[in-house]
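S.K.: Below is the file final.txt, with compact mmCIF, C-alpha atoms.
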```txt
# COMPACT_ATOMS: atom_id res chain seq x y z
CA MET A 1283 0.00 0.00 0.00
CA TYR A 1284 1.13 3.57 -0.61
CA PRO A 1285 1.70 5.56 2.60
CA LEU A 1286 -0.94 8.02 3.72
CA LEU A 1287 0.00 11.40 5.20
CA TYR A 1288 -1.86 12.67 8.28
CA HIS A 1289 -1.65 15.56 10.67
CA SER A 1290 -3.25 16.07 14.07
CA THR A 1291 -5.90 18.76 14.30
CA SER A 1292 -5.17 19.01 18.02
CA THR A 1293 -2.06 19.06 20.20
CA VAL A 1294 -3.65 16.07 21.94
CA VAL A 1295 -3.13 13.12 19.61
CA SER A 1296 -6.14 10.81 19.49
CA PRO A 1297 -7.91 8.54 16.98
CA TYR A 1298 -10.27 11.47 16.33
CA SER A 1299 -7.65 14.18 15.82
CA LEU A 1300 -5.79 12.58 12.89
CA LYS A 1301 -6.82 13.95 9.50
CA CYS A 1302 -5.67 12.47 6.19
CA LEU A 1303 -3.91 14.95 3.86
CA GLY A 1304 -3.14 12.68 0.92
CA ARG A 1305 -1.53 9.53 -0.45
CA MET A 1306 2.18 9.33 -1.35
CA THR A 1307 1.88 7.73 -4.77
CA LEU A 1308 5.47 8.62 -5.75
CA CYS A 1309 6.95 6.81 -2.76
CA LYS A 1310 10.15 5.03 -3.85
CA SER A 1311 10.65 2.89 -0.74
CA CYS A 1312 9.00 2.42 2.64
CA LYS A 1313 10.39 0.02 5.27
CA VAL A 1314 9.07 -0.68 8.76
CA THR A 1315 11.42 -2.19 11.34
CA GLU A 1316 10.26 -3.59 14.68
CA GLU A 1317 12.28 -5.25 17.43
CA ARG A 1318 11.00 -7.53 20.19
CA ASN A 1319 10.44 -5.25 23.20
CA GLY A 1320 12.41 -2.64 21.29
CA ASP A 1321 12.01 0.13 18.78
CA TYR A 1322 9.38 0.41 16.06
CA THR A 1323 10.42 2.72 13.21
CA LEU A 1324 9.80 3.65 9.59
CA THR A 1325 12.12 4.91 6.86
CA ALA A 1326 10.84 6.08 3.49
CA ASN A 1327 11.98 7.86 0.34
CA ILE A 1328 9.54 9.86 -1.75
CA SER A 1329 9.98 11.92 -4.90
CA VAL A 1330 10.01 15.70 -4.57
CA ASN A 1331 7.28 15.59 -7.22
CA ASP A 1332 4.93 13.63 -4.96
CA SER A 1333 1.65 15.42 -4.24
CA CYS A 1334 2.49 15.38 -0.51
CA ALA A 1335 6.07 16.62 -0.90
CA GLN A 1336 5.23 20.29 -0.42
CA ILE A 1337 3.12 19.82 2.70
CA ILE A 1338 5.03 17.17 4.61
CA LYS A 1339 6.39 18.31 7.99
CA THR A 1340 7.92 16.86 11.10
CA GLN A 1341 5.31 15.87 13.69
CA TYR A 1342 3.00 14.84 10.87
CA PHE A 1343 2.14 11.15 10.62
CA MET A 1344 2.48 8.45 7.97
CA LYS A 1345 0.10 5.52 8.00
CA VAL A 1346 1.44 2.28 6.51
CA LYS A 1347 1.02 -1.47 6.80
CA PRO A 1348 3.79 -2.69 9.17
CA ASN A 1349 3.57 -6.49 8.80
CA PRO A 1350 1.24 -9.15 7.36
CA PHE A 1351 -0.93 -9.28 10.49
CA HIS A 1352 -1.70 -5.81 11.81
CA GLU A 1353 -3.82 -3.02 10.40
CA PRO A 1354 -1.94 0.04 9.04
CA GLN A 1355 -0.10 1.90 11.81
CA TYR A 1356 0.62 5.59 12.44
CA PHE A 1357 4.24 6.73 12.55
CA GLU A 1358 5.23 10.24 13.65
CA ILE A 1359 7.72 11.92 11.30
CA TYR A 1360 10.72 13.26 13.22
CA ASP A 1361 13.37 13.72 10.50
CA ILE A 1362 13.13 14.97 6.89
CA THR A 1363 16.18 15.14 4.58
CA TYR A 1364 16.21 16.53 1.03
CA ILE A 1365 18.67 14.68 -1.24
CA ASN A 1366 19.89 16.27 -4.49
CA TYR A 1367 16.55 18.06 -4.98
CA GLU A 1368 15.14 14.71 -6.13
CA THR A 1369 14.32 12.63 -3.09
CA ILE A 1370 12.93 13.29 0.36
CA LYS A 1371 14.17 10.85 3.00
CA ILE A 1372 11.79 10.43 5.93
CA LYS A 1373 12.34 8.89 9.35
CA ALA A 1374 9.40 8.23 11.65
CA LYS A 1375 8.66 6.44 14.92
CA HIS A 1376 5.56 4.53 15.95
CA ILE A 1377 2.79 6.56 17.53
CA LYS A 1378 3.39 4.71 20.81
CA HIS A 1379 6.07 7.34 21.52
CA ASN A 1380 3.30 9.93 21.94
CA PHE A 1381 1.99 7.70 24.69
CA TYR A 1382 5.44 7.44 26.28
CA ASN A 1383 5.88 11.22 26.37
CA ASN A 1384 3.52 11.63 29.28
CA VAL A 1385 4.14 11.60 33.03
CA VAL A 1386 2.66 9.60 35.89
CA SER A 1387 2.55 11.45 39.20
CA THR A 1388 2.30 9.44 42.42
CA VAL A 1389 -0.53 8.05 44.47
CA GLY A 1390 0.97 9.83 47.46
CA ASP A 1391 1.79 6.79 49.58
CA PHE A 1392 5.55 6.47 49.73
CA GLY A 1393 5.41 2.88 50.89
CA ASP A 1394 5.03 -0.19 48.70
CA SER A 1395 1.83 -0.60 46.72
CA ILE A 1396 -0.28 -3.70 47.18
CA ALA A 1397 0.48 -6.61 44.90
CA ASN A 1398 -1.28 -6.30 41.53
CA THR A 1399 -1.22 -7.81 38.08
CA PRO A 1400 -0.01 -5.36 35.39
CA LEU A 1401 -3.60 -4.64 34.30
CA GLU A 1402 -4.79 -4.12 37.90
CA PHE A 1403 -1.84 -1.83 38.57
CA TRP A 1404 -2.72 0.17 35.46
CA GLU A 1405 -6.45 0.41 36.10
CA ASN A 1406 -6.21 1.00 39.87
CA PHE A 1407 -3.38 3.54 39.88
CA ILE A 1408 -1.74 4.61 36.62
CA GLU A 1409 -4.76 5.72 34.60
CA GLU A 1410 -5.84 8.14 37.30
CA TYR A 1411 -2.43 9.77 37.69
CA ILE A 1412 -1.41 10.41 34.06
CA LEU A 1413 -0.87 14.17 33.97
CA LEU A 1414 -1.69 15.00 30.33
CA GLU A 1415 -4.81 13.98 28.45
CA ASN A 1416 -4.38 10.43 27.20
CA HIS A 1417 -6.19 8.41 24.49
CA PHE A 1418 -4.05 5.28 24.60
CA THR A 1419 -5.23 2.05 26.21
CA PHE A 1420 -3.25 -0.63 28.02
CA TYR A 1421 -3.98 -4.35 28.41
CA SER A 1422 -2.10 -7.33 29.82
CA ASP A 1423 -2.92 -11.03 30.15
CA ILE A 1424 -0.17 -11.60 32.74
CA SER A 1425 -1.65 -12.97 35.98
CA THR A 1426 1.50 -12.62 38.11
CA THR A 1427 1.10 -10.17 40.99
CA ALA A 1428 3.86 -7.91 42.25
CA GLU A 1429 4.37 -4.60 44.06
CA MET A 1430 5.42 -1.57 42.03
CA LYS A 1431 7.10 1.61 43.23
CA LEU A 1432 7.65 3.17 39.81
CA GLY A 1433 4.47 5.02 38.93
CA TYR A 1434 3.07 4.41 42.42
CA SER A 1435 5.37 6.22 44.85
CA ILE A 1436 8.01 7.28 42.29
CA PRO A 1437 6.96 9.74 39.53
CA CYS A 1438 8.04 8.67 36.06
CA THR A 1439 7.28 9.01 32.38
CA ILE A 1440 5.11 6.37 30.71
CA GLY A 1441 8.24 5.57 28.72
CA ASP A 1442 10.16 4.79 31.91
CA LEU A 1443 7.31 2.62 33.13
CA MET A 1444 7.17 0.70 29.82
CA SER A 1445 10.93 0.30 29.45
CA ASP A 1446 13.06 -2.62 30.59
CA ASN A 1447 14.86 -0.50 33.16
CA LYS A 1448 14.94 -1.58 36.78
CA GLU A 1449 11.49 -1.70 38.45
CA SER A 1450 9.66 -1.09 35.16
CA LEU A 1451 6.66 -3.19 34.11
CA LEU A 1452 8.85 -5.32 31.86
CA ASP A 1453 11.50 -5.79 34.53
CA THR A 1454 8.89 -6.67 37.16
CA TYR A 1455 6.51 -8.88 35.19
CA GLY A 1456 8.36 -9.93 32.04
CA GLY A 1457 6.38 -10.47 28.85
CA GLU A 1458 6.36 -9.11 25.30
CA TYR A 1459 4.87 -5.84 24.05
CA GLU A 1460 2.51 -5.62 21.10
CA TYR A 1461 1.55 -2.22 19.68
CA ASN A 1462 -1.53 -1.53 17.59
CA ASN A 1463 -1.84 2.25 17.09
CA PHE A 1464 -3.50 3.55 20.29
CA ASN A 1465 -3.60 0.13 21.95
CA VAL A 1466 -0.60 -1.19 23.91
CA ARG A 1467 -0.53 -4.76 25.20
CA LEU A 1468 1.95 -6.49 27.51
CA LEU A 1469 1.47 -10.17 26.79
CA LYS A 1470 2.76 -13.23 28.55
CA LYS A 1471 3.73 -14.47 25.08
CA ARG A 1472 3.19 -12.48 21.90
CA GLY A 1473 4.30 -15.01 19.32
CA LYS A 1474 3.46 -18.60 18.46
CA ASP A 1475 5.52 -21.74 18.01
CA SER A 1476 5.49 -21.90 14.24
CA GLY A 1477 7.06 -25.33 13.79
CA TYR A 1478 8.96 -23.89 10.82
CA ARG A 1479 12.38 -25.50 10.33
CA LEU A 1480 15.53 -23.79 9.14
CA ARG A 1481 18.46 -25.98 8.16
CA TRP A 1482 22.03 -24.82 7.71
CA GLY A 1483 23.18 -25.78 4.22
CA GLN A 1484 19.61 -25.75 2.89
CA ASN A 1485 17.23 -22.86 3.45
CA ILE A 1486 19.73 -20.80 5.49
CA SER A 1487 22.87 -21.61 3.51
CA SER A 1488 23.66 -17.99 2.60
CA CYS A 1489 22.35 -16.29 5.73
CA GLU A 1490 24.50 -14.54 8.29
CA GLN A 1491 24.72 -16.69 11.41
CA THR A 1492 26.44 -16.20 14.75
CA ILE A 1493 26.43 -18.81 17.52
CA THR A 1494 27.51 -17.67 20.97
CA SER A 1495 27.96 -19.47 24.27
CA LYS A 1496 29.10 -16.44 26.28
CA ASP A 1497 26.01 -16.55 28.53
CA ILE A 1498 26.04 -20.28 29.25
CA ALA A 1499 26.62 -21.28 32.87
CA SER A 1500 27.19 -24.61 34.61
CA HIS A 1501 26.53 -23.62 38.24
CA ILE A 1502 24.65 -21.04 40.28
CA VAL A 1503 25.30 -19.31 43.60
CA ALA A 1504 23.13 -16.76 45.41
CA VAL A 1505 24.47 -13.74 47.31
CA ALA A 1506 22.86 -10.93 49.29
CA LYS A 1507 23.89 -7.76 51.09
CA VAL A 1508 23.10 -8.05 54.81
CA PHE A 1509 23.52 -5.70 57.77
CA ASP A 1510 25.93 -6.60 60.59
CA GLU A 1511 24.75 -5.37 64.00
CA LEU A 1512 28.26 -5.63 65.46
CA SER A 1513 30.08 -3.36 62.99
CA GLY A 1514 27.11 -1.32 61.85
CA LYS A 1515 28.08 -2.01 58.24
CA SER A 1516 26.67 -4.07 55.39
CA TYR A 1517 28.39 -7.12 53.97
CA TYR A 1518 27.67 -9.77 51.34
CA LEU A 1519 26.87 -13.33 52.37
CA THR A 1520 27.31 -16.13 49.85
CA GLY A 1521 25.31 -19.35 49.69
CA ASN A 1522 26.30 -22.77 48.41
CA VAL A 1523 27.11 -23.54 44.79
CA PHE A 1524 24.59 -25.70 42.91
CA PRO A 1525 24.95 -27.29 39.45
CA LEU A 1526 22.51 -26.09 36.81
CA THR A 1527 20.36 -28.94 35.58
CA SER A 1528 20.37 -29.66 31.84
CA SER A 1529 23.17 -27.19 31.16
CA SER A 1530 25.14 -27.86 27.98
CA SER A 1531 28.17 -25.93 29.17
CA LYS A 1532 31.36 -27.87 28.47
CA LEU A 1533 33.30 -25.69 30.90
CA GLN A 1534 32.83 -24.62 34.50
CA LYS A 1535 31.07 -21.24 34.61
CA LEU A 1536 29.29 -19.82 37.65
CA TYR A 1537 26.08 -17.77 37.48
CA LEU A 1538 25.80 -15.13 40.24
CA LEU A 1539 22.26 -14.52 41.58
CA ASP A 1540 22.24 -11.30 43.60
CA ILE A 1541 19.05 -10.90 45.67
CA SER A 1542 20.12 -7.75 47.51
CA ASP A 1543 17.02 -5.94 46.23
CA GLU A 1544 14.92 -8.38 48.23
CA THR A 1545 16.97 -7.89 51.38
CA SER A 1546 16.70 -4.10 51.18
CA LYS A 1547 12.89 -4.35 51.41
CA ASN A 1548 13.03 -6.26 54.72
CA PRO A 1549 16.34 -5.30 56.39
CA ASP A 1550 15.38 -6.61 59.86
CA TYR A 1551 15.02 -10.15 58.55
CA TRP A 1552 18.38 -9.96 56.75
CA THR A 1553 20.42 -8.72 59.72
CA ILE A 1554 23.29 -10.74 61.21
CA ASN A 1555 25.73 -10.52 64.11
CA SER A 1556 29.22 -11.44 62.99
CA LYS A 1557 30.39 -12.08 66.56
CA THR A 1558 27.61 -14.38 67.79
CA GLY A 1559 26.82 -15.82 64.35
CA GLU A 1560 23.16 -15.00 64.85
CA ASN A 1561 21.03 -15.39 61.70
CA ILE A 1562 23.97 -16.29 59.43
CA ASP A 1563 23.01 -19.94 58.91
CA LEU A 1564 19.36 -18.98 58.44
CA ILE A 1565 20.21 -16.44 55.74
CA ILE A 1566 22.57 -18.83 53.95
CA GLY A 1567 19.71 -21.33 53.96
CA GLN A 1568 17.45 -18.74 52.33
CA LEU A 1569 20.12 -17.98 49.73
CA ASN A 1570 20.27 -21.69 48.91
CA VAL A 1571 16.48 -21.81 48.57
CA ARG A 1572 16.59 -18.92 46.07
CA ALA A 1573 19.41 -20.51 44.09
CA THR A 1574 17.64 -23.87 43.96
CA ALA A 1575 14.40 -22.26 42.79
CA GLN A 1576 16.15 -20.37 40.03
CA ARG A 1577 18.58 -22.96 38.76
CA GLN A 1578 16.14 -24.81 36.51
CA ILE A 1579 14.87 -21.54 35.00
CA ILE A 1580 18.39 -20.27 34.37
CA ALA A 1581 19.50 -23.62 32.98
CA GLU A 1582 16.67 -23.55 30.45
CA SER A 1583 17.47 -20.02 29.30
CA ASN A 1584 21.26 -20.45 29.27
CA GLY A 1585 21.55 -24.16 28.67
CA LYS A 1586 22.14 -24.03 24.92
CA PRO A 1587 24.26 -21.83 22.68
CA LYS A 1588 22.33 -18.85 21.35
CA THR A 1589 22.15 -18.36 17.63
CA ASN A 1590 21.60 -15.13 15.71
CA ILE A 1591 20.48 -15.59 12.13
CA LYS A 1592 19.59 -12.88 9.63
CA ILE A 1593 17.43 -14.08 6.77
CA ASN A 1594 17.24 -11.99 3.63
CA ILE A 1595 16.78 -14.65 0.94
CA ARG A 1596 13.71 -13.72 -1.09
CA GLU A 1597 12.39 -17.26 -1.56
CA GLU A 1598 12.77 -18.12 2.11
CA LEU A 1599 11.18 -14.86 3.27
CA ASP A 1600 8.19 -15.55 1.03
CA ASN A 1601 7.89 -19.02 2.57
CA MET A 1602 7.89 -17.38 6.02
CA LYS A 1603 5.22 -14.78 5.19
CA TYR A 1604 2.89 -16.00 7.95
CA ILE A 1605 5.61 -15.99 10.61
CA GLY A 1606 6.03 -12.80 12.60
CA LEU A 1607 7.80 -11.05 15.45
CA CYS A 1608 8.23 -13.19 18.60
CA ASP A 1609 7.30 -16.41 16.77
CA THR A 1610 9.73 -19.31 17.27
CA VAL A 1611 11.25 -21.56 14.63
CA ASN A 1612 13.43 -24.68 14.84
CA VAL A 1613 17.03 -24.31 13.70
CA ASP A 1614 19.52 -27.00 12.70
CA ALA A 1615 22.69 -24.90 13.02
CA ASN A 1616 25.61 -27.09 12.03
CA GLY A 1617 24.61 -29.90 14.35
CA GLU A 1618 23.26 -27.65 17.14
CA PHE A 1619 19.49 -28.17 17.32
CA LEU A 1620 18.03 -24.96 18.67
CA THR A 1621 14.75 -23.10 19.03
CA ALA A 1622 15.09 -19.47 18.02
CA LYS A 1623 12.70 -16.56 18.38
CA ILE A 1624 12.21 -13.90 15.73
CA ILE A 1625 13.48 -10.75 17.46
CA LYS A 1626 13.53 -8.21 14.62
CA THR A 1627 11.57 -7.74 11.41
CA GLU A 1628 11.85 -5.45 8.43
CA TYR A 1629 8.75 -5.13 6.27
CA ASP A 1630 8.40 -3.60 2.82
CA ALA A 1631 5.19 -1.62 3.20
CA LEU A 1632 4.93 -0.93 -0.54
CA LEU A 1633 5.29 -4.54 -1.71
CA GLU A 1634 3.73 -5.88 1.50
CA ARG A 1635 6.31 -8.57 2.17
CA TRP A 1636 9.17 -9.31 4.55
CA GLU A 1637 12.46 -7.70 3.66
CA LYS A 1638 14.51 -9.20 6.48
CA LEU A 1639 13.98 -11.39 9.56
CA GLU A 1640 16.41 -11.77 12.43
CA LEU A 1641 16.34 -14.65 14.89
CA GLY A 1642 18.21 -15.01 18.15
CA THR A 1643 19.07 -12.76 21.06
CA PRO A 1644 18.43 -9.00 21.09
CA LYS A 1645 21.57 -6.85 21.07
CA SER A 1646 19.85 -3.74 22.42
CA ARG A 1647 17.48 -2.82 25.21
CA LEU A 1648 14.05 -1.22 24.98
CA SER A 1649 15.28 1.57 27.25
CA ASP A 1650 17.84 2.48 24.59
CA TYR A 1651 14.96 3.81 22.49
CA ILE A 1652 12.39 5.07 24.99
CA ILE A 1653 13.43 8.71 25.06
CA LYS A 1654 14.21 8.95 21.33
```
Will you turn the file into structure tokens for me?
M.R.:
Amino acid sequence: MYPLLYHSTSTVVSPYSLKCLGRMTLCKSCKVTEERNGDYTLTANISVNDSCAQIIKTQYFMKVKPNPFHEPQYFEIYDITYINYETIKIKAKHIKHNFYNNVVSTVGDFGDSIANTPLEFWENFIEEYILLENHFTFYSDISTTAEMKLGYSIPCTIGDLMSDNKESLLDTYGGEYEYNNFNVRLLKKRGKDSGYRLRWGQNISSCEQTITSKDIASHIVAVAKVFDELSGKSYYLTGNVFPLTSSSSKLQKLYLLDISDETSKNPDYWTINSKTGENIDLIIGQLNVRATAQRQIIAESNGKPKTNIKINIREELDNMKYIGLCDTVNVDANGEFLTAKIIKTEYDALLERWEKLELGTPKSRLSDYIIK
């Protein structure tokens, strides 16, 4: 589809304020890139002779199809470059950034909030304390409950709350974001298990592939910062070392689980006396409990080498047209049988087909893009 140009008739962006100004029929290229829990951007080139060329401005919006599954999305134009008086290069970011550029004040209670699911936290607290008028909605299917300080007793931007920084929604609950214009969803799992198989030497023979084992561990140990009544200072206590079950590490590598955040919330419980030995054995026992609980989870996430594969073969991309961001595929990578998740997509909005798919482990964080 050809991109459509919109502008907002109000400083408050809403589904009702966006007015269509025209269609860019002399658009030369239009690519949409989205990363798992990361950025969502558009780049386009249009002819200076396009009917929209004379009216296009930054903070206007382009509406394009971003992938095979979602309806056309709005992207706010933030950069316009004129090249040789022939081409206009446009950079734009998904309209979600208008949502992120708002601020949550606080409930007023500087203690911990009660435990909530992400949706309960949003509906019970956040919606009421957004400072500027807001027309975006939030939904989550995650049933885990947790206490939140960010957005409850600590003021923040919506972008901070949605990032993967410490104490954000993503850091607290996990999950995968899905954006659909004015609707934002934090899902337990966004993608599906496609069952699609990629084989090195066959359908991925000319793709770029990197296999890394830098994050694989063979053992785990828990540590925590505790307060010593005798010296009046804080020290670290270390628990016992446990092997990670099902780890494929061929070398001895230790995973460090630091639970000091937990101890800081209940300092009385995590207090020792280095002279009498009071509470030391109890705390070491708790460290061992934490390490044991986490070792299977960590082993599953770190137990196999991670593979990063970039697919840009036209025939293979066409075969994968119904596979999208966060879907998983099976990979036979030179004898290593792995399951890989699609972490980045590039979609040709004009031809309505995949331009590039990347599988593996993200190299950037969502918080790298939040303020941009």
S.K.: Pick from A:Leu1533, A:Leu1452, A:Met1344, A:Ala1499: nearest to Gly1320 in chain A, with only C-alpha atoms counted?
M.R.: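 Of the candidates, the smallest distance to Gly1320 in chain A is held by A:Leu1452.
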S.K.: Please write as a ChimeraX atom specification the list of polymer residues whose atoms come within 10 Å of (1.6, -12.0, 35.9), counting all atoms listed in the file and keeping to the coordinates of the file.
M.R.: /A:1398-1401,1422-1428,1454-1457,1469-1470
S.K.: For a quick check of understanding, using only C-alpha atoms, which of A:Val1505, A:Ile1565, A:Val1466, A:Ala1374 has the smallest distance to Tyr1421 in chain A?
M.R.: A:Val1466
S.K.: To one decimal in Å, tell me the separation between CA of Asn1383 in chain A and CA of Asp1442 in chain A.
M.R.: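 CA of Asp1442 in chain A lies 9.5 Å from CA of Asn1383 in chain A.
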S.K.: Of the residues A:Leu1324, A:Ala1622, A:Cys1608, A:Val1571, which is the one nearest to Lys1474 in chain A, using all atoms listed in the file?
M.R.: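 Ranked by minimum distance to Lys1474 in chain A, first place goes to A:Cys1608.
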S.K.: What is the CA of Thr1340 in chain A to CA of Ile1377 in chain A distance in Å?
M.R.: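 Interatomic distance, CA of Thr1340 in chain A to CA of Ile1377 in chain A: 13.2 Å.
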S.K.: So, with only C-alpha atoms as the atoms that count, which of A:Ala1335, A:Leu1480, A:Ile1554, A:Ala1504 lies closest to Thr1307 in chain A?
M.R.: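 Checking each candidate against Thr1307 in chain A, we get A:Ala1335 as the closest.
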